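Trainee: Got a structure here, written out as structure tokens. Questions coming.
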Number of protein chains: 2
Amino acid sequence: MILTPAMQSFVLHWGEMGARWGTNRSVAQIHALLHLSPTPLPAEEIAETLALARSNVSTALRELQSWGLVKVHRELGDRRDHFVGVENMFDLVQEVIKGRREREFAPTMEAVRRAAEAGAEDGTPEDVRARMRETLEVMEMFDTWYAEMSRLPRSTQLSMLKMGARIARLLPKAAD
Amino acid sequence: MILTPAMQSFVLHWGEMGARWGTNRSVAQIHALLHLSPTPLPAEEIAETLALARSNVSTALRELQSWGLVKVHRELGDRRDHFVGVENMFDLVQEVIKGRREREFAPTMEAVRRAAEAGAEDGTPEDVRARMRETLEVMEMFDTWYAEMSRLPRSTQLSMLKMGARIARLLPKAAD
DNA sequence: TGGGGATTTCAGTGAATACAGAAAAGACAA
DNA sequence: TTGTCTTTTCTGTATTCACTGAAATCCCCA
């Protein structure tokens, strides 16, 4: 598969963003390529197109699959796996946020909780503990908000996104 | 300044989260320390407390200041700068998101836009270009949503956060 | 059960990043 | 100016992380 300049640019920039968002460059590039490709691609072809080592592609594909961002597609009469990107961008966003919350946010929140509690017995000054508790509360507020939002049906999420700030007008004047 | 075990744990975990969120460990640790500290701290003391090189602290503080997460406080009769963390956790969240959008999201969005346009002339298949445009649209939707939300007064943002999913009940049945 | 293609695992290499320590620059008082 | 204290810049080193290529494993078919 040969990439046009526009496709190359897309893949490269997507890879760069991915590198800054917690995945490595190759994973993000492969994801970009699969997202653009109209047909499922075998690992070999991905490696050629992006000039990556075959083994690297294999690892990256596993990671993408574990995140639910890539699915395997089997072709009749072909032993090789073919890979497809999730078609819907929202699934991507959802998976990325979910993953980051689980791996990076939740553990810290748990640690902050323990620190705030443990502080009572190890001589941590009360005002410091108060700051810890306040920090925890903010973290929990965001976490709860996220949990609730992620459970809403996709269509509702979309409406809210599209409404943007106009949704604020629906709020009662004196919100609790 | 001596840290209790609870404070150490807080600082360490915060540092770890920071490392996964785009800043380096030291920057995040310093931020955590300043967030806990009831009084402004001079750079020297920060370095001692966290066992970091003085130079490293200097660089980290500059970075934190450029992000608006740390302010300088001058003490009468003391030449040294003293540093304070922003008291409010929301300011932190706001700054972090703003920074990431500017540095990591917006440039990619711009690149995708150019790729989608340029594709017209370099032989990029129409269906591929369509996927690029769709990607761009989703990115723009999130970006617009963020831009609008960030302009709302803090109190409104807070109400919305606390309402969580209940806000969905305020939506008209057939949202556009 | 053996052979061949496809995939995964693993160890070594290379590049990027964070860090420490030294040197330089800046501010202030005498 | 000179001396002292503080802060910043710079350079080499260490660590971390991604990547490659080779070897091992897996899977399917004959």
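As shown in the structure tokens, the chain order sets the letters A, B, ...; within each chain, residues go from 1, and ligands are also counted from 1 in the order they appear.
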Using only C-alpha atoms (C1' of nucleotides), find each residue of chain B with at least one atom at most 8 Å away from an atom of chain D; report its shortest atom-to-atom pair and that distance in Å (one decimal), sort the rows by chain and rising residue number, and return the result as CSV.

Mentor:
residue,atom,partner,partner_atom,distance
B:Ser55,CA,D:DT8,C1',7.8
B:Ser58,CA,D:DT8,C1',7.5
B:Arg79,CA,D:DT6,C1',7.6
B:Arg80,CA,D:DT6,C1',6.4

Trainee: Take the residues from that selection and put them in a file with N, CA and C atoms, as a tab-separated table (two decimals), in the first residue's frame.

Mentor:
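Final file, result25.tsv:
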chain	number	residue	atom	x	y	z
B	55	SER	N	19.39	22.85	40.65
B	55	SER	CA	19.16	23.31	39.27
B	55	SER	C	17.87	22.73	38.70
B	58	SER	N	15.00	24.61	39.97
B	58	SER	CA	14.87	25.90	39.29
B	58	SER	C	14.12	25.76	37.97
B	79	ARG	N	15.94	38.01	50.25
B	79	ARG	CA	16.15	38.17	48.82
B	79	ARG	C	15.57	37.02	48.00
B	80	ARG	N	15.46	35.88	48.66
B	80	ARG	CA	15.07	34.70	47.91
B	80	ARG	C	13.61	34.75	47.47

Trainee: Pull the closest atom pair for each residue of chain C that gets at most 8 Å from chain B, along with the distance in Å to one decimal, counting only C-alpha atoms (C1' of nucleotides), ordering rows by chain and then ascending residue number, as JSON lines.

Mentor:
{"residue": "C:DA18", "atom": "C1'", "partner": "B:Asn24", "partner_atom": "CA", "distance": 7.6}
{"residue": "C:DC19", "atom": "C1'", "partner": "B:Asn56", "partner_atom": "CA", "distance": 7.0}
{"residue": "C:DA20", "atom": "C1'", "partner": "B:Ala53", "partner_atom": "CA", "distance": 6.0}

Trainee: Could you save the residues just selected, with C-alpha atoms (C1' of nucleotides), as a PDB file, in the first residue's frame?

Mentor:
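Listing of part_4.pdb after writing:
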ATOM      1  C1'  DA C  18      15.539  13.779  33.019  1.00  0.00           C
ATOM      2  C1'  DC C  19      18.936  14.716  36.096  1.00  0.00           C
ATOM      3  C1'  DA C  20      23.198  16.376  38.732  1.00  0.00           C
TER       4       DA C  20
END

Trainee: Once you count only C-alpha atoms, what closest atom pair and distance in Å to one decimal does each residue of chain A within 8 Å of chain B have, with rows by chain and rising residue number, as JSON lines?

Mentor:
{"residue": "A:Thr4", "atom": "CA", "partner": "B:Thr124", "partner_atom": "CA", "distance": 5.8}
{"residue": "A:Pro5", "atom": "CA", "partner": "B:Asp122", "partner_atom": "CA", "distance": 6.8}
{"residue": "A:Ala6", "atom": "CA", "partner": "B:Ala115", "partner_atom": "CA", "distance": 4.6}
{"residue": "A:Met7", "atom": "CA", "partner": "B:Ala115", "partner_atom": "CA", "distance": 6.9}
{"residue": "A:Ser9", "atom": "CA", "partner": "B:Ala115", "partner_atom": "CA", "distance": 6.4}
{"residue": "A:Phe10", "atom": "CA", "partner": "B:Val112", "partner_atom": "CA", "distance": 5.8}
{"residue": "A:His13", "atom": "CA", "partner": "B:Thr108", "partner_atom": "CA", "distance": 5.8}
{"residue": "A:Trp14", "atom": "CA", "partner": "B:Thr108", "partner_atom": "CA", "distance": 6.7}
{"residue": "A:Met17", "atom": "CA", "partner": "B:Glu104", "partner_atom": "CA", "distance": 6.1}
{"residue": "A:Arg20", "atom": "CA", "partner": "B:Gly22", "partner_atom": "CA", "distance": 6.8}
{"residue": "A:Trp21", "atom": "CA", "partner": "B:Gly22", "partner_atom": "CA", "distance": 7.6}
{"residue": "A:Gly22", "atom": "CA", "partner": "B:Arg20", "partner_atom": "CA", "distance": 6.9}
{"residue": "A:His35", "atom": "CA", "partner": "B:Arg131", "partner_atom": "CA", "distance": 7.7}
{"residue": "A:Leu36", "atom": "CA", "partner": "B:Val128", "partner_atom": "CA", "distance": 5.5}
{"residue": "A:Ser37", "atom": "CA", "partner": "B:Val128", "partner_atom": "CA", "distance": 6.9}
{"residue": "A:Pro38", "atom": "CA", "partner": "B:Val128", "partner_atom": "CA", "distance": 7.0}
{"residue": "A:Met89", "atom": "CA", "partner": "B:Thr135", "partner_atom": "CA", "distance": 6.7}
{"residue": "A:Phe90", "atom": "CA", "partner": "B:Val138", "partner_atom": "CA", "distance": 7.9}
{"residue": "A:Glu104", "atom": "CA", "partner": "B:Met17", "partner_atom": "CA", "distance": 6.0}
{"residue": "A:Phe105", "atom": "CA", "partner": "B:Met17", "partner_atom": "CA", "distance": 7.1}
{"residue": "A:Thr108", "atom": "CA", "partner": "B:His13", "partner_atom": "CA", "distance": 5.8}
{"residue": "A:Ala111", "atom": "CA", "partner": "B:His13", "partner_atom": "CA", "distance": 6.8}
{"residue": "A:Val112", "atom": "CA", "partner": "B:Phe10", "partner_atom": "CA", "distance": 5.8}
{"residue": "A:Arg114", "atom": "CA", "partner": "B:Ala6", "partner_atom": "CA", "distance": 8.0}
{"residue": "A:Ala115", "atom": "CA", "partner": "B:Ala6", "partner_atom": "CA", "distance": 4.6}
{"residue": "A:Ala116", "atom": "CA", "partner": "B:Ala6", "partner_atom": "CA", "distance": 7.0}
{"residue": "A:Ala118", "atom": "CA", "partner": "B:Ala6", "partner_atom": "CA", "distance": 6.0}
{"residue": "A:Gly119", "atom": "CA", "partner": "B:Ala6", "partner_atom": "CA", "distance": 5.1}
{"residue": "A:Asp122", "atom": "CA", "partner": "B:Thr4", "partner_atom": "CA", "distance": 6.4}
{"residue": "A:Gly123", "atom": "CA", "partner": "B:Thr4", "partner_atom": "CA", "distance": 6.7}
{"residue": "A:Thr124", "atom": "CA", "partner": "B:Thr4", "partner_atom": "CA", "distance": 5.8}
{"residue": "A:Asp127", "atom": "CA", "partner": "B:Pro38", "partner_atom": "CA", "distance": 7.3}
{"residue": "A:Val128", "atom": "CA", "partner": "B:Leu36", "partner_atom": "CA", "distance": 5.5}
{"residue": "A:Arg131", "atom": "CA", "partner": "B:Leu36", "partner_atom": "CA", "distance": 6.2}
{"residue": "A:Met132", "atom": "CA", "partner": "B:Leu36", "partner_atom": "CA", "distance": 7.2}
{"residue": "A:Thr135", "atom": "CA", "partner": "B:Met89", "partner_atom": "CA", "distance": 6.7}
{"residue": "A:Val138", "atom": "CA", "partner": "B:Met89", "partner_atom": "CA", "distance": 7.0}
{"residue": "A:Met141", "atom": "CA", "partner": "B:Lys162", "partner_atom": "CA", "distance": 6.9}
{"residue": "A:Phe142", "atom": "CA", "partner": "B:Leu161", "partner_atom": "CA", "distance": 7.1}
{"residue": "A:Thr144", "atom": "CA", "partner": "B:Gly164", "partner_atom": "CA", "distance": 7.4}
{"residue": "A:Trp145", "atom": "CA", "partner": "B:Gly164", "partner_atom": "CA", "distance": 4.8}
{"residue": "A:Tyr146", "atom": "CA", "partner": "B:Gly164", "partner_atom": "CA", "distance": 7.9}
{"residue": "A:Glu148", "atom": "CA", "partner": "B:Ala165", "partner_atom": "CA", "distance": 5.3}
{"residue": "A:Met149", "atom": "CA", "partner": "B:Ala165", "partner_atom": "CA", "distance": 5.6}
{"residue": "A:Leu152", "atom": "CA", "partner": "B:Ala165", "partner_atom": "CA", "distance": 7.3}
{"residue": "A:Thr156", "atom": "CA", "partner": "B:Ala168", "partner_atom": "CA", "distance": 7.2}
{"residue": "A:Ser159", "atom": "CA", "partner": "B:Ala175", "partner_atom": "CA", "distance": 6.0}
{"residue": "A:Met160", "atom": "CA", "partner": "B:Ala168", "partner_atom": "CA", "distance": 7.7}
{"residue": "A:Leu161", "atom": "CA", "partner": "B:Trp145", "partner_atom": "CA", "distance": 6.0}
{"residue": "A:Lys162", "atom": "CA", "partner": "B:Met141", "partner_atom": "CA", "distance": 6.9}
{"residue": "A:Met163", "atom": "CA", "partner": "B:Trp145", "partner_atom": "CA", "distance": 8.0}
{"residue": "A:Gly164", "atom": "CA", "partner": "B:Trp145", "partner_atom": "CA", "distance": 4.9}
{"residue": "A:Ala165", "atom": "CA", "partner": "B:Glu148", "partner_atom": "CA", "distance": 5.3}
{"residue": "A:Ile167", "atom": "CA", "partner": "B:Leu171", "partner_atom": "CA", "distance": 7.9}
{"residue": "A:Ala168", "atom": "CA", "partner": "B:Thr156", "partner_atom": "CA", "distance": 7.2}
{"residue": "A:Leu170", "atom": "CA", "partner": "B:Leu170", "partner_atom": "CA", "distance": 6.5}
{"residue": "A:Leu171", "atom": "CA", "partner": "B:Leu170", "partner_atom": "CA", "distance": 7.8}
{"residue": "A:Ala175", "atom": "CA", "partner": "B:Ser159", "partner_atom": "CA", "distance": 6.0}
{"residue": "A:Asp176", "atom": "CA", "partner": "B:Ser159", "partner_atom": "CA", "distance": 6.9}

Trainee: Once chain B is fitted onto chain A by least squares over all its in-order Cα atoms, send the moved chain as a PDB file with C-alpha atoms, in the first residue's frame.

Mentor:
ATOM      1  CA  MET B   1      -0.035  -0.066  -0.007  1.00  0.00           C
ATOM      2  CA  ILE B   2       1.314   3.317  -0.983  1.00  0.00           C
ATOM      3  CA  LEU B   3       0.397   6.420   0.938  1.00  0.00           C
ATOM      4  CA  THR B   4      -0.364   9.731  -0.724  1.00  0.00           C
ATOM      5  CA  PRO B   5       1.341  12.768   0.834  1.00  0.00           C
ATOM      6  CA  ALA B   6      -1.883  13.732   2.577  1.00  0.00           C
ATOM      7  CA  MET B   7      -2.192  10.277   4.094  1.00  0.00           C
ATOM      8  CA  GLN B   8       1.413  10.346   5.190  1.00  0.00           C
ATOM      9  CA  SER B   9       0.903  13.650   6.896  1.00  0.00           C
ATOM     10  CA  PHE B  10      -2.190  12.348   8.633  1.00  0.00           C
ATOM     11  CA  VAL B  11      -0.393   9.258   9.889  1.00  0.00           C
ATOM     12  CA  LEU B  12       2.675  11.161  11.021  1.00  0.00           C
ATOM     13  CA  HIS B  13       0.796  13.819  12.936  1.00  0.00           C
ATOM     14  CA  TRP B  14      -1.499  11.292  14.507  1.00  0.00           C
ATOM     15  CA  GLY B  15       1.545   9.361  15.593  1.00  0.00           C
ATOM     16  CA  GLU B  16       3.049  12.455  17.105  1.00  0.00           C
ATOM     17  CA  MET B  17      -0.079  13.218  19.066  1.00  0.00           C
ATOM     18  CA  GLY B  18      -0.231   9.612  20.238  1.00  0.00           C
ATOM     19  CA  ALA B  19       3.327   9.832  21.474  1.00  0.00           C
ATOM     20  CA  ARG B  20       2.342  12.748  23.686  1.00  0.00           C
ATOM     21  CA  TRP B  21      -0.797  11.057  24.880  1.00  0.00           C
ATOM     22  CA  GLY B  22       0.662   8.005  26.509  1.00  0.00           C
ATOM     23  CA  THR B  23       0.989   5.479  23.712  1.00  0.00           C
ATOM     24  CA  ASN B  24       4.091   5.152  21.632  1.00  0.00           C
ATOM     25  CA  ARG B  25       4.491   6.556  18.172  1.00  0.00           C
ATOM     26  CA  SER B  26       4.197   3.261  16.322  1.00  0.00           C
ATOM     27  CA  VAL B  27       0.971   2.309  18.012  1.00  0.00           C
ATOM     28  CA  ALA B  28      -0.603   5.604  17.084  1.00  0.00           C
ATOM     29  CA  GLN B  29       0.661   5.467  13.516  1.00  0.00           C
ATOM     30  CA  ILE B  30      -0.747   2.017  13.011  1.00  0.00           C
ATOM     31  CA  HIS B  31      -4.011   3.128  14.436  1.00  0.00           C
ATOM     32  CA  ALA B  32      -4.108   6.082  12.052  1.00  0.00           C
ATOM     33  CA  LEU B  33      -3.335   3.868   9.094  1.00  0.00           C
ATOM     34  CA  LEU B  34      -6.064   1.399   9.988  1.00  0.00           C
ATOM     35  CA  HIS B  35      -8.451   4.228  10.548  1.00  0.00           C
ATOM     36  CA  LEU B  36      -7.871   5.504   7.025  1.00  0.00           C
ATOM     37  CA  SER B  37      -7.743   2.156   5.304  1.00  0.00           C
ATOM     38  CA  PRO B  38     -11.008   1.156   3.661  1.00  0.00           C
ATOM     39  CA  THR B  39     -10.066  -2.523   3.909  1.00  0.00           C
ATOM     40  CA  PRO B  40      -8.601  -4.742   6.636  1.00  0.00           C
ATOM     41  CA  LEU B  41      -4.815  -4.982   6.448  1.00  0.00           C
ATOM     42  CA  PRO B  42      -2.520  -7.885   7.326  1.00  0.00           C
ATOM     43  CA  ALA B  43       0.344  -7.132   9.695  1.00  0.00           C
ATOM     44  CA  GLU B  44       2.935  -7.604   7.002  1.00  0.00           C
ATOM     45  CA  GLU B  45       1.477  -4.866   4.858  1.00  0.00           C
ATOM     46  CA  ILE B  46       1.261  -2.485   7.790  1.00  0.00           C
ATOM     47  CA  ALA B  47       4.930  -3.030   8.492  1.00  0.00           C
ATOM     48  CA  GLU B  48       5.883  -2.313   4.902  1.00  0.00           C
ATOM     49  CA  THR B  49       3.710   0.750   4.556  1.00  0.00           C
ATOM     50  CA  LEU B  50       4.981   2.379   7.717  1.00  0.00           C
ATOM     51  CA  ALA B  51       8.534   1.052   7.471  1.00  0.00           C
ATOM     52  CA  LEU B  52       8.375  -0.562  10.893  1.00  0.00           C
ATOM     53  CA  ALA B  53       9.810  -3.854  12.027  1.00  0.00           C
ATOM     54  CA  ARG B  54       7.345  -6.675  11.715  1.00  0.00           C
ATOM     55  CA  SER B  55       7.774  -7.511  15.411  1.00  0.00           C
ATOM     56  CA  ASN B  56       7.040  -4.005  16.399  1.00  0.00           C
ATOM     57  CA  VAL B  57       3.802  -4.081  14.463  1.00  0.00           C
ATOM     58  CA  SER B  58       2.825  -7.301  16.175  1.00  0.00           C
ATOM     59  CA  THR B  59       3.291  -5.808  19.625  1.00  0.00           C
ATOM     60  CA  ALA B  60       1.494  -2.620  18.676  1.00  0.00           C
ATOM     61  CA  LEU B  61      -1.469  -4.538  17.273  1.00  0.00           C
ATOM     62  CA  ARG B  62      -1.760  -6.533  20.466  1.00  0.00           C
ATOM     63  CA  GLU B  63      -1.850  -3.329  22.428  1.00  0.00           C
ATOM     64  CA  LEU B  64      -4.475  -1.798  20.153  1.00  0.00           C
ATOM     65  CA  GLN B  65      -6.585  -4.913  20.439  1.00  0.00           C
ATOM     66  CA  SER B  66      -6.354  -4.926  24.213  1.00  0.00           C
ATOM     67  CA  TRP B  67      -7.712  -1.404  24.129  1.00  0.00           C
ATOM     68  CA  GLY B  68     -10.536  -2.414  21.853  1.00  0.00           C
ATOM     69  CA  LEU B  69      -9.378  -0.029  19.132  1.00  0.00           C
ATOM     70  CA  VAL B  70      -8.602  -2.696  16.578  1.00  0.00           C
ATOM     71  CA  LYS B  71     -10.413  -5.859  15.644  1.00  0.00           C
ATOM     72  CA  VAL B  72      -9.246  -8.966  13.855  1.00  0.00           C
ATOM     73  CA  HIS B  73     -10.875  -9.872  10.607  1.00  0.00           C
ATOM     74  CA  ARG B  74     -10.405 -13.274   9.009  1.00  0.00           C
ATOM     75  CA  GLU B  75     -10.356 -13.653   5.288  1.00  0.00           C
ATOM     76  CA  LEU B  76     -11.642 -16.868   3.731  1.00  0.00           C
ATOM     77  CA  GLY B  77      -8.747 -18.864   2.353  1.00  0.00           C
ATOM     78  CA  ASP B  78      -6.130 -16.668   4.002  1.00  0.00           C
ATOM     79  CA  ARG B  79      -4.364 -17.775   7.143  1.00  0.00           C
ATOM     80  CA  ARG B  80      -3.190 -14.337   8.048  1.00  0.00           C
ATOM     81  CA  ASP B  81      -5.020 -12.082  10.439  1.00  0.00           C
ATOM     82  CA  HIS B  82      -6.322  -8.888   8.901  1.00  0.00           C
ATOM     83  CA  PHE B  83      -6.817  -5.870  11.098  1.00  0.00           C
ATOM     84  CA  VAL B  84      -9.498  -3.189  11.102  1.00  0.00           C
ATOM     85  CA  GLY B  85      -9.651   0.004  13.107  1.00  0.00           C
ATOM     86  CA  VAL B  86     -12.783   0.865  14.994  1.00  0.00           C
ATOM     87  CA  GLU B  87     -14.790   2.861  12.546  1.00  0.00           C
ATOM     88  CA  ASN B  88     -16.269   5.263  15.028  1.00  0.00           C
ATOM     89  CA  MET B  89     -14.099   8.028  16.428  1.00  0.00           C
ATOM     90  CA  PHE B  90     -16.213   8.163  19.565  1.00  0.00           C
ATOM     91  CA  ASP B  91     -15.275   4.639  20.441  1.00  0.00           C
ATOM     92  CA  LEU B  92     -11.688   5.727  20.226  1.00  0.00           C
ATOM     93  CA  VAL B  93     -12.146   8.690  22.511  1.00  0.00           C
ATOM     94  CA  GLN B  94     -14.123   6.606  24.951  1.00  0.00           C
ATOM     95  CA  GLU B  95     -11.517   3.880  25.081  1.00  0.00           C
ATOM     96  CA  VAL B  96      -8.636   6.276  25.477  1.00  0.00           C
ATOM     97  CA  ILE B  97     -10.280   8.118  28.342  1.00  0.00           C
ATOM     98  CA  LYS B  98     -11.341   4.900  30.018  1.00  0.00           C
ATOM     99  CA  GLY B  99      -7.853   3.494  29.779  1.00  0.00           C
ATOM    100  CA  ARG B 100      -6.189   6.569  31.148  1.00  0.00           C
ATOM    101  CA  ARG B 101      -8.607   6.761  34.019  1.00  0.00           C
ATOM    102  CA  GLU B 102      -8.003   3.162  35.007  1.00  0.00           C
ATOM    103  CA  ARG B 103      -4.276   3.117  34.605  1.00  0.00           C
ATOM    104  CA  GLU B 104      -3.291   6.598  35.644  1.00  0.00           C
ATOM    105  CA  PHE B 105      -5.999   8.422  37.473  1.00  0.00           C
ATOM    106  CA  ALA B 106      -7.758   5.878  39.672  1.00  0.00           C
ATOM    107  CA  PRO B 107      -4.584   4.512  41.309  1.00  0.00           C
ATOM    108  CA  THR B 108      -3.462   8.011  42.245  1.00  0.00           C
ATOM    109  CA  MET B 109      -6.866   8.821  43.642  1.00  0.00           C
ATOM    110  CA  GLU B 110      -6.707   5.684  45.752  1.00  0.00           C
ATOM    111  CA  ALA B 111      -3.243   6.646  46.993  1.00  0.00           C
ATOM    112  CA  VAL B 112      -4.416  10.120  47.911  1.00  0.00           C
ATOM    113  CA  ARG B 113      -7.299   8.598  49.830  1.00  0.00           C
ATOM    114  CA  ARG B 114      -4.963   6.372  51.786  1.00  0.00           C
ATOM    115  CA  ALA B 115      -2.584   9.242  52.447  1.00  0.00           C
ATOM    116  CA  ALA B 116      -5.399  11.410  53.749  1.00  0.00           C
ATOM    117  CA  GLU B 117      -6.481   8.657  56.105  1.00  0.00           C
ATOM    118  CA  ALA B 118      -3.070   7.467  57.171  1.00  0.00           C
ATOM    119  CA  GLY B 119      -2.065  11.025  57.931  1.00  0.00           C
ATOM    120  CA  ALA B 120      -4.106  10.879  61.095  1.00  0.00           C
ATOM    121  CA  GLU B 121      -1.643   8.576  62.764  1.00  0.00           C
ATOM    122  CA  ASP B 122       1.719   9.710  61.546  1.00  0.00           C
ATOM    123  CA  GLY B 123       1.725  13.250  62.733  1.00  0.00           C
ATOM    124  CA  THR B 124       0.665  14.968  59.532  1.00  0.00           C
ATOM    125  CA  PRO B 125      -0.563  18.459  60.477  1.00  0.00           C
ATOM    126  CA  GLU B 126      -4.287  18.904  60.300  1.00  0.00           C
ATOM    127  CA  ASP B 127      -4.176  21.686  57.722  1.00  0.00           C
ATOM    128  CA  VAL B 128      -2.098  19.525  55.413  1.00  0.00           C
ATOM    129  CA  ARG B 129      -4.565  16.687  55.812  1.00  0.00           C
ATOM    130  CA  ALA B 130      -7.348  19.103  55.000  1.00  0.00           C
ATOM    131  CA  ARG B 131      -5.656  19.925  51.712  1.00  0.00           C
ATOM    132  CA  MET B 132      -5.323  16.252  50.956  1.00  0.00           C
ATOM    133  CA  ARG B 133      -9.010  15.733  51.574  1.00  0.00           C
ATOM    134  CA  GLU B 134      -9.900  18.690  49.420  1.00  0.00           C
ATOM    135  CA  THR B 135      -7.747  17.299  46.623  1.00  0.00           C
ATOM    136  CA  LEU B 136      -9.453  13.966  46.980  1.00  0.00           C
ATOM    137  CA  GLU B 137     -12.863  15.555  46.814  1.00  0.00           C
ATOM    138  CA  VAL B 138     -12.102  17.328  43.569  1.00  0.00           C
ATOM    139  CA  MET B 139     -10.687  14.175  42.064  1.00  0.00           C
ATOM    140  CA  GLU B 140     -13.752  12.237  43.109  1.00  0.00           C
ATOM    141  CA  MET B 141     -16.030  14.873  41.688  1.00  0.00           C
ATOM    142  CA  PHE B 142     -14.440  14.593  38.276  1.00  0.00           C
ATOM    143  CA  ASP B 143     -14.359  10.833  38.508  1.00  0.00           C
ATOM    144  CA  THR B 144     -18.020  10.594  39.397  1.00  0.00           C
ATOM    145  CA  TRP B 145     -18.912  12.980  36.618  1.00  0.00           C
ATOM    146  CA  TYR B 146     -16.982  10.889  34.141  1.00  0.00           C
ATOM    147  CA  ALA B 147     -18.516   7.651  35.379  1.00  0.00           C
ATOM    148  CA  GLU B 148     -22.025   8.998  35.003  1.00  0.00           C
ATOM    149  CA  MET B 149     -21.425  10.547  31.632  1.00  0.00           C
ATOM    150  CA  SER B 150     -19.900   7.416  30.241  1.00  0.00           C
ATOM    151  CA  ARG B 151     -23.007   5.464  31.168  1.00  0.00           C
ATOM    152  CA  LEU B 152     -25.342   7.684  29.186  1.00  0.00           C
ATOM    153  CA  PRO B 153     -26.451   6.425  25.783  1.00  0.00           C
ATOM    154  CA  ARG B 154     -24.271   7.571  22.940  1.00  0.00           C
ATOM    155  CA  SER B 155     -27.035   9.671  21.445  1.00  0.00           C
ATOM    156  CA  THR B 156     -27.409  11.646  24.650  1.00  0.00           C
ATOM    157  CA  GLN B 157     -23.680  12.185  24.871  1.00  0.00           C
ATOM    158  CA  LEU B 158     -23.716  13.477  21.334  1.00  0.00           C
ATOM    159  CA  SER B 159     -26.567  15.885  21.980  1.00  0.00           C
ATOM    160  CA  MET B 160     -24.760  17.282  24.977  1.00  0.00           C
ATOM    161  CA  LEU B 161     -21.557  17.721  23.047  1.00  0.00           C
ATOM    162  CA  LYS B 162     -23.319  19.519  20.248  1.00  0.00           C
ATOM    163  CA  MET B 163     -25.214  21.764  22.605  1.00  0.00           C
ATOM    164  CA  GLY B 164     -21.989  22.929  24.148  1.00  0.00           C
ATOM    165  CA  ALA B 165     -22.392  25.823  26.524  1.00  0.00           C
ATOM    166  CA  ARG B 166     -26.051  26.300  25.634  1.00  0.00           C
ATOM    167  CA  ILE B 167     -26.781  23.496  28.038  1.00  0.00           C
ATOM    168  CA  ALA B 168     -25.933  25.861  30.850  1.00  0.00           C
ATOM    169  CA  ARG B 169     -29.090  27.803  30.071  1.00  0.00           C
ATOM    170  CA  LEU B 170     -31.134  24.811  31.108  1.00  0.00           C
ATOM    171  CA  LEU B 171     -29.722  24.891  34.607  1.00  0.00           C
ATOM    172  CA  PRO B 172     -31.991  26.116  37.379  1.00  0.00           C
ATOM    173  CA  LYS B 173     -30.970  29.568  38.556  1.00  0.00           C
ATOM    174  CA  ALA B 174     -29.842  28.441  41.998  1.00  0.00           C
ATOM    175  CA  ALA B 175     -28.070  25.169  41.493  1.00  0.00           C
ATOM    176  CA  ASP B 176     -27.124  23.387  44.692  1.00  0.00           C
TER     177      ASP B 176
END

Trainee: Residues of chain B classed as strand (DSSP E or B) by DSSP on the backbone are to be reported as a ChimeraX atom specification.

Mentor: /B:41-42,70-74,81-85

Trainee: Output N, CA and C atoms of each residue in that selection to a file, as a short mmCIF file (atom, residue, chain, number, x, y, z; two decimals), in the first residue's frame.

Mentor:
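As written to disk, selection-v8.cif reads:
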data_model
loop_
_atom_site.label_atom_id
_atom_site.label_comp_id
_atom_site.auth_asym_id
_atom_site.auth_seq_id
_atom_site.Cartn_x
_atom_site.Cartn_y
_atom_site.Cartn_z
N LEU B 41 7.53 28.34 49.95
CA LEU B 41 8.83 27.73 50.18
C LEU B 41 9.88 28.29 49.22
N PRO B 42 11.08 28.54 49.70
CA PRO B 42 12.18 28.92 48.82
C PRO B 42 12.70 27.69 48.08
N VAL B 70 2.10 27.98 39.71
CA VAL B 70 2.90 28.39 40.87
C VAL B 70 3.15 29.88 40.78
N LYS B 71 3.06 30.54 41.92
CA LYS B 71 3.30 31.97 41.92
C LYS B 71 4.49 32.29 42.83
N VAL B 72 5.13 33.41 42.53
CA VAL B 72 6.25 33.84 43.36
C VAL B 72 5.73 34.72 44.48
N HIS B 73 6.31 34.55 45.61
CA HIS B 73 5.92 35.34 46.78
C HIS B 73 7.18 35.91 47.39
N ARG B 74 7.19 37.23 47.58
CA ARG B 74 8.42 37.84 48.12
C ARG B 74 8.26 38.13 49.60
N ASP B 81 13.35 34.12 46.34
CA ASP B 81 11.96 33.94 45.93
C ASP B 81 11.36 32.83 46.79
N HIS B 82 10.10 33.03 47.16
CA HIS B 82 9.37 31.93 47.80
C HIS B 82 8.24 31.54 46.85
N PHE B 83 7.93 30.25 46.85
CA PHE B 83 6.96 29.79 45.85
C PHE B 83 5.71 29.21 46.51
N VAL B 84 4.58 29.53 45.91
CA VAL B 84 3.28 29.03 46.39
C VAL B 84 2.58 28.32 45.26
N GLY B 85 1.90 27.24 45.58
CA GLY B 85 1.09 26.55 44.58
C GLY B 85 -0.26 27.23 44.48
#

Trainee: Identify all residues of stretch 42-161 of chain B in helix (DSSP H, G or I) (DSSP on the backbone) and supply them as a VMD selection string.

Mentor: chain B and resid 43 to 50 54 to 66 89 to 118 126 to 151 154 to 161
